[in-house]
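data36.txt follows (compact mmCIF, C-alpha atoms):
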```txt
# COMPACT_ATOMS: atom_id res chain seq x y z
CA MET M 684 66.09 6.74 56.70
CA GLN M 685 67.29 10.11 55.42
CA VAL M 686 63.71 11.33 54.88
CA ALA M 687 62.67 10.21 58.38
CA LEU M 688 65.63 12.01 59.95
CA GLN M 689 64.91 15.18 57.96
CA ILE M 690 61.27 15.12 59.09
CA LEU M 691 62.43 14.73 62.69
CA PHE M 692 64.93 17.61 62.37
CA ASP M 693 62.31 19.86 60.74
CA SER M 694 59.79 19.07 63.48
CA LEU M 695 62.14 19.87 66.36
CA MET M 696 61.90 23.62 65.93
CA LEU M 697 58.12 23.47 65.50
CA ILE M 698 57.83 21.42 68.68
CA GLY M 699 59.86 23.97 70.64
CA LEU M 700 58.02 27.01 69.27
CA TYR M 701 54.56 25.47 69.58
CA GLY M 702 55.46 24.31 73.08
CA ILE M 703 56.27 27.74 74.53
CA GLY M 704 53.46 29.41 72.60
CA ALA M 705 50.84 26.90 73.74
CA LEU M 706 52.12 26.90 77.32
CA GLY M 707 51.56 30.64 77.61
CA PHE M 708 48.17 30.40 75.90
CA ALA M 709 47.07 27.53 78.15
CA LEU M 710 48.10 29.43 81.31
CA ILE M 711 45.58 32.23 80.72
CA TRP M 712 42.91 29.84 79.51
CA GLY M 713 43.36 27.55 82.50
CA VAL M 714 43.82 30.17 85.25
CA LEU M 715 41.67 33.11 84.11
CA ASN M 716 39.27 31.05 81.98
CA VAL M 717 39.82 33.56 79.15
CA LEU M 718 40.48 32.54 75.54
CA ASN M 719 43.16 35.14 74.86
CA ILE M 720 43.04 36.06 71.17
CA ALA M 721 45.52 38.88 71.91
CA HIS M 722 48.17 36.15 72.28
CA ALA M 723 48.68 36.55 68.53
CA ALA M 724 49.53 40.23 68.94
CA PHE M 725 51.93 39.40 71.79
CA ILE M 726 53.81 37.07 69.44
CA MET M 727 53.92 39.82 66.82
CA LEU M 728 55.16 42.42 69.33
CA GLY M 729 57.89 40.02 70.46
CA GLY M 730 59.03 39.62 66.87
CA TYR M 731 59.14 43.36 66.24
CA THR M 732 60.87 44.05 69.57
CA SER M 733 63.64 41.60 68.73
CA PHE M 734 63.95 43.02 65.23
CA TRP M 735 64.32 46.63 66.39
CA LEU M 736 66.78 45.63 69.11
CA TRP M 737 68.81 43.93 66.40
CA ARG M 738 68.64 47.12 64.32
CA LEU M 739 70.13 48.92 67.34
CA GLY M 740 73.12 46.58 67.15
CA ILE M 741 72.14 43.96 69.73
CA ASP M 742 72.75 40.31 68.88
CA PRO M 743 69.41 38.55 68.21
CA LEU M 744 69.99 35.97 70.95
CA ALA M 745 71.13 38.65 73.42
CA ALA M 746 67.99 40.62 72.50
CA LEU M 747 65.73 37.72 73.51
CA PRO M 748 65.89 38.33 77.31
CA LEU M 749 65.19 42.03 76.73
CA THR M 750 62.22 41.13 74.54
CA MET M 751 60.88 38.81 77.24
CA ILE M 752 61.20 41.51 79.92
CA ALA M 753 59.41 44.04 77.70
CA MET M 754 56.59 41.61 76.94
CA PHE M 755 56.29 40.68 80.61
CA ALA M 756 55.57 44.36 81.32
CA VAL M 757 53.13 44.58 78.40
CA GLY M 758 51.25 41.51 79.61
CA TRP M 759 51.05 42.84 83.17
CA GLY M 760 49.69 46.18 81.93
CA VAL M 761 47.13 44.65 79.56
CA GLN M 762 45.86 42.37 82.32
CA ARG M 763 45.67 45.10 84.97
CA CYS M 764 44.03 47.69 82.71
CA LEU M 765 41.82 45.56 80.43
CA ILE M 766 41.49 41.80 80.85
CA ASP M 767 41.03 42.02 84.62
CA HIS M 768 37.59 43.55 84.06
CA VAL M 769 36.29 40.47 82.19
CA ALA M 770 38.23 37.68 83.90
CA ASN M 771 35.21 36.45 85.84
CA GLY M 772 32.62 37.36 83.23
CA PRO M 773 31.06 35.39 80.35
CA HIS M 774 33.42 33.62 77.94
CA ALA M 775 32.10 35.63 74.99
CA LEU M 776 33.05 38.90 76.69
CA GLY M 777 36.65 37.78 77.19
CA ILE M 778 36.92 36.61 73.59
CA ALA M 779 35.47 39.88 72.29
CA LEU M 780 37.81 42.01 74.41
CA THR M 781 40.99 40.10 73.57
CA TYR M 782 40.01 40.02 69.89
CA GLY M 783 39.64 43.79 70.03
CA ILE M 784 43.02 44.16 71.73
CA ASN M 785 44.53 41.99 69.00
CA LEU M 786 43.02 44.17 66.25
CA VAL M 787 44.18 47.39 67.90
CA LEU M 788 47.76 46.17 68.35
CA ILE M 789 47.93 44.87 64.78
CA GLY M 790 46.53 48.18 63.53
CA LEU M 791 49.17 50.10 65.47
CA ALA M 792 51.88 47.84 64.03
CA LEU M 793 50.59 48.54 60.52
CA TYR M 794 50.56 52.27 61.22
CA PHE M 795 54.05 52.50 62.69
CA PHE M 796 55.88 49.71 60.83
CA SER M 797 53.77 49.29 57.63
CA ALA M 798 53.04 45.84 56.21
CA ASP M 799 56.64 45.28 55.08
CA TYR M 800 58.33 42.06 56.15
CA ARG M 801 61.36 42.74 58.32
CA SER M 802 64.08 40.14 58.68
CA ILE M 803 67.15 39.67 60.85
CA GLN M 804 70.49 38.84 59.27
CA LEU M 805 71.81 35.70 60.93
CA PRO M 806 75.07 36.14 62.84
CA GLY M 807 77.96 34.00 61.67
CA TYR M 808 77.74 31.47 64.50
CA LEU M 809 74.15 30.55 63.50
CA ARG M 810 75.03 29.82 59.89
CA GLY M 811 75.96 26.38 58.67
CA PHE M 812 74.58 22.97 59.57
CA ILE M 813 75.39 19.53 60.82
CA GLU M 814 74.67 16.48 58.68
CA ILE M 815 73.54 13.16 60.14
CA GLY M 816 72.61 10.26 57.90
CA GLY M 817 72.24 12.60 54.94
CA ALA M 818 69.74 14.85 56.79
CA LYS M 819 70.70 18.44 57.58
CA LEU M 820 70.06 20.31 60.81
CA THR M 821 71.02 23.98 60.69
CA TYR M 822 72.71 25.65 63.66
CA ALA M 823 69.93 28.25 63.76
CA ARG M 824 67.17 25.64 64.07
CA LEU M 825 69.17 23.69 66.65
CA THR M 826 69.73 26.83 68.74
CA ILE M 827 66.10 27.93 68.52
CA THR M 828 64.92 24.46 69.53
CA ALA M 829 67.29 24.35 72.51
CA ILE M 830 66.20 27.80 73.73
CA ALA M 831 62.50 27.04 73.30
CA LEU M 832 62.72 23.73 75.17
CA SER M 833 64.82 25.35 77.91
CA LEU M 834 62.20 28.06 78.40
CA THR M 835 59.48 25.42 78.56
CA ALA M 836 61.45 23.51 81.19
CA ALA M 837 62.07 26.71 83.19
CA VAL M 838 58.36 27.58 83.30
CA TRP M 839 57.55 23.99 84.17
CA TRP M 840 60.01 24.16 87.10
CA PHE M 841 58.62 27.54 88.20
CA MET M 842 55.04 26.25 88.25
CA ASP M 843 55.91 23.00 89.98
CA ARG M 844 58.63 24.01 92.47
CA THR M 845 58.04 27.59 93.61
CA GLU M 846 55.54 29.23 95.96
CA LEU M 847 54.30 31.57 93.25
CA GLY M 848 53.80 28.61 90.94
CA ALA M 849 51.84 26.83 93.66
CA ALA M 850 49.71 29.98 94.13
CA ILE M 851 48.94 30.04 90.39
CA ARG M 852 47.96 26.38 90.46
CA ALA M 853 45.80 26.92 93.54
CA THR M 854 44.02 29.85 91.87
CA ARG M 855 43.42 27.72 88.80
CA PHE M 856 41.81 24.95 90.82
CA ASP M 857 39.63 27.08 93.14
CA MET M 858 39.74 30.87 93.11
CA GLU M 859 37.60 31.33 96.24
CA ALA M 860 39.62 28.82 98.25
CA ALA M 861 42.81 30.57 97.12
CA ARG M 862 41.45 33.87 98.44
CA LEU M 863 40.58 32.26 101.78
CA VAL M 864 44.18 31.12 102.34
CA GLY M 865 45.53 34.60 101.63
CA ILE M 866 46.47 34.42 97.96
CA LYS M 867 46.07 37.76 96.17
CA VAL M 868 44.12 36.54 93.19
CA ARG M 869 44.36 39.78 91.23
CA THR M 870 48.16 39.74 91.51
CA ILE M 871 48.18 36.10 90.41
CA TYR M 872 46.07 37.04 87.38
CA ASP M 873 48.52 39.83 86.53
CA LEU M 874 51.48 37.49 86.90
CA THR M 875 49.85 34.76 84.82
CA THR M 876 49.13 37.08 81.90
CA ALA M 877 52.60 38.61 82.17
CA ILE M 878 54.24 35.16 81.98
CA SER M 879 51.98 34.25 79.06
CA ALA M 880 52.95 37.44 77.19
CA MET M 881 56.61 36.82 78.00
CA LEU M 882 56.44 33.34 76.44
CA ALA M 883 54.59 34.71 73.41
CA GLY M 884 57.25 37.39 73.05
CA ALA M 885 59.98 34.76 73.26
CA MET M 886 58.24 32.79 70.54
CA GLY M 887 58.05 35.88 68.32
CA GLY M 888 61.69 36.71 69.02
CA LEU M 889 62.76 33.20 68.02
CA VAL M 890 60.55 33.10 64.92
CA VAL M 891 61.98 36.34 63.54
CA ILE M 892 65.50 34.87 63.62
CA LEU M 893 64.62 32.43 60.83
CA GLN M 894 61.58 34.03 59.23
CA SER M 895 60.43 37.65 59.40
CA ALA M 896 58.35 40.06 61.45
CA SER M 897 55.06 41.34 60.07
CA PRO M 898 51.83 42.66 61.62
CA GLY M 899 49.98 39.42 60.84
CA MET M 900 52.65 36.95 61.93
CA GLY M 901 50.93 36.12 65.22
CA ASP M 902 47.59 35.23 63.63
CA HIS M 903 49.22 32.43 61.65
CA PHE M 904 50.68 30.87 64.78
CA LEU M 905 47.60 31.40 66.95
CA LEU M 906 45.65 28.75 65.05
CA GLN M 907 48.48 26.26 65.51
CA ILE M 908 48.74 27.13 69.21
CA LEU M 909 45.01 26.64 69.68
CA ILE M 910 45.27 23.23 67.99
CA VAL M 911 48.21 22.28 70.23
CA THR M 912 46.35 23.38 73.37
CA VAL M 913 43.22 21.43 72.49
CA LEU M 914 45.25 18.37 71.54
CA GLY M 915 47.25 18.32 74.76
CA GLY M 916 44.39 19.39 77.01
CA LEU M 917 44.16 21.78 79.95
CA GLY M 918 44.93 21.04 83.58
CA THR M 919 48.47 19.75 83.15
CA MET M 920 51.79 21.36 82.26
CA VAL M 921 52.69 18.38 80.07
CA GLY M 922 49.63 18.73 77.85
CA PRO M 923 50.84 21.65 75.67
CA LEU M 924 54.21 19.96 75.14
CA VAL M 925 52.57 16.68 74.13
CA GLY M 926 50.28 18.56 71.76
CA ALA M 927 53.30 20.37 70.32
CA VAL M 928 55.09 17.05 69.69
CA VAL M 929 52.05 15.53 67.97
CA LEU M 930 51.37 18.56 65.77
CA GLY M 931 55.04 19.30 65.05
CA ILE M 932 55.86 15.79 63.85
CA SER M 933 52.61 15.28 61.91
CA THR M 934 52.86 18.70 60.22
CA SER M 935 56.48 18.12 59.21
CA PHE M 936 55.65 14.64 57.90
CA VAL M 937 52.68 15.75 55.82
CA ALA M 938 54.47 18.89 54.56
CA THR M 939 57.49 16.84 53.46
CA ILE M 940 55.43 14.18 51.68
CA TRP M 941 52.51 16.19 50.22
CA GLY M 942 53.40 19.87 50.66
CA THR M 943 52.90 22.68 53.18
CA THR M 944 49.25 23.24 52.21
CA TYR M 945 48.26 19.85 53.57
CA GLY M 946 50.55 20.36 56.55
CA THR M 947 48.15 23.04 57.80
CA LEU M 948 45.11 20.82 57.26
CA VAL M 949 46.46 17.94 59.32
CA GLY M 950 46.16 19.92 62.56
CA ALA M 951 42.43 20.44 62.14
CA LEU M 952 41.90 16.76 61.36
CA LEU M 953 43.88 15.74 64.45
CA VAL M 954 41.79 18.00 66.68
CA LEU M 955 38.54 16.58 65.32
CA ALA M 956 39.76 13.02 65.87
CA VAL M 957 40.93 13.70 69.43
CA LEU M 958 37.76 15.59 70.41
CA VAL M 959 35.60 12.68 69.27
CA VAL M 960 37.55 10.16 71.37
CA ARG M 961 38.59 12.36 74.32
CA PRO M 962 36.97 15.82 74.56
CA SER M 963 39.33 16.92 77.34
CA GLY M 964 42.40 16.37 75.13
CA LEU M 965 45.13 13.75 75.31
CA LEU M 966 46.21 14.61 78.85
CA GLY M 967 43.60 17.18 79.91
CA ARG M 968 41.63 16.98 83.15
CA ARG M 969 37.97 16.12 82.59
CA TYR M 970 36.67 19.05 84.64
CA TYR M 971 37.97 21.41 81.94
CA GLU M 972 35.42 20.04 79.47
CA ALA M 973 32.62 22.15 80.98
```

This entry written out as structure tokens:
Amino acid sequence: MQVALQILFDSLMLIGLYGIGALGFALIWGVLNVLNIAHAAFIMLGGYTSFWLWRLGIDPLAALPLTMIAMFAVGWGVQRCLIDHVANGPHALGIALTYGINLVLIGLALYFFSADYRSIQLPGYLRGFIEIGGAKLTYARLTITAIALSLTAAVWWFMDRTELGAAIRATRFDMEAARLVGIKVRTIYDLTTAISAMLAGAMGGLVVILQSASPGMGDHFLLQILIVTVLGGLGTMVGPLVGAVVLGISTSFVATIWGTTYGTLVGALLVLAVLVVRPSGLLGRRYYEA
């Protein structure tokens, strides 16, 4: 019982982080049809932004909204100046461009910040833990999980209940029809990438609270986010969250029983199993298979 509870507690933070990361990644993939490799660099920039705001004396949780605003602006600029030119082009062109953006941003981070790991000192209210059935859940993990799930719910509400969210969904389903009813598709593309970068920045800002910021931090999480997105499937807002739950719990279980090395392997095995049975993912729409 204690082991099962500890696995559940350990998986909660992963579920929250994977959820917001995959949701932002799936937005660009679903709306712009671009596999955004630069999502890794957005996570990294979010981590560094939160770290430097903390160095300026701002509480790490209070720095999170500022990080999200900064990354929203970065995402809007990257989309308007770069990704917009390949949004309707071949898939390989989008992958090549975003991979190049990722390399450039990581290179700039190495130049300005070096490869040193930079960590945030936890404030007093995030230290300590609660114990249930012998399993421990730290205040920091509980707070990060709550924030991540709240952000996921907020984006879900925005996409499902607002006019802008409806415009994004309409553009995703049929770009030409969206244009005919007066939707400014280019603005929707800018907004979609900005929201995606904002969520990636939030993920980086939350990760750096418990771990550390480094130029390569986003690359590690990008693989997990890609696995989550494929598992959950495109075409539904619930898909990334379901994929995050499956990967978070399975990774925590395998890592606890056999070690973290095998915890990374389990994601790849899950993707292979799901793709054989259901190529569109657990909850994905079938038209996204093409």

(request) Tell me which of M:Ala753, M:Ile766, M:Ile813, M:Val929 sits closest to Leu718 (chain M), counting only C-alpha atoms. (result) M:Ile766

Which centre and which edge lengths, in Å to one decimal, describe the axis-aligned box that holds all listed atoms of region 696-705 of chain M after 5 Å is added on each side, as JSON?
```
{"center_x": 56.4, "center_y": 25.4, "center_z": 70.0, "size_x": 21.1, "size_y": 18.0, "size_z": 19.0}
```

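The coordinates place CA of Pro748 (chain M) at 25.3 Å from CA of Leu765 (chain M).
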
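Across M:Gly926, M:Gly790, M:Gly916, M:Gly816, the tightest approach to Leu728 (chain M) is made by M:Gly790 when counting all atoms listed in the file.
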
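Counting only C-alpha atoms and comparing M:Asn719, M:Thr781, M:Thr821, M:Ser802, the residue that lies closest to Trp735 (chain M) is M:Ser802.
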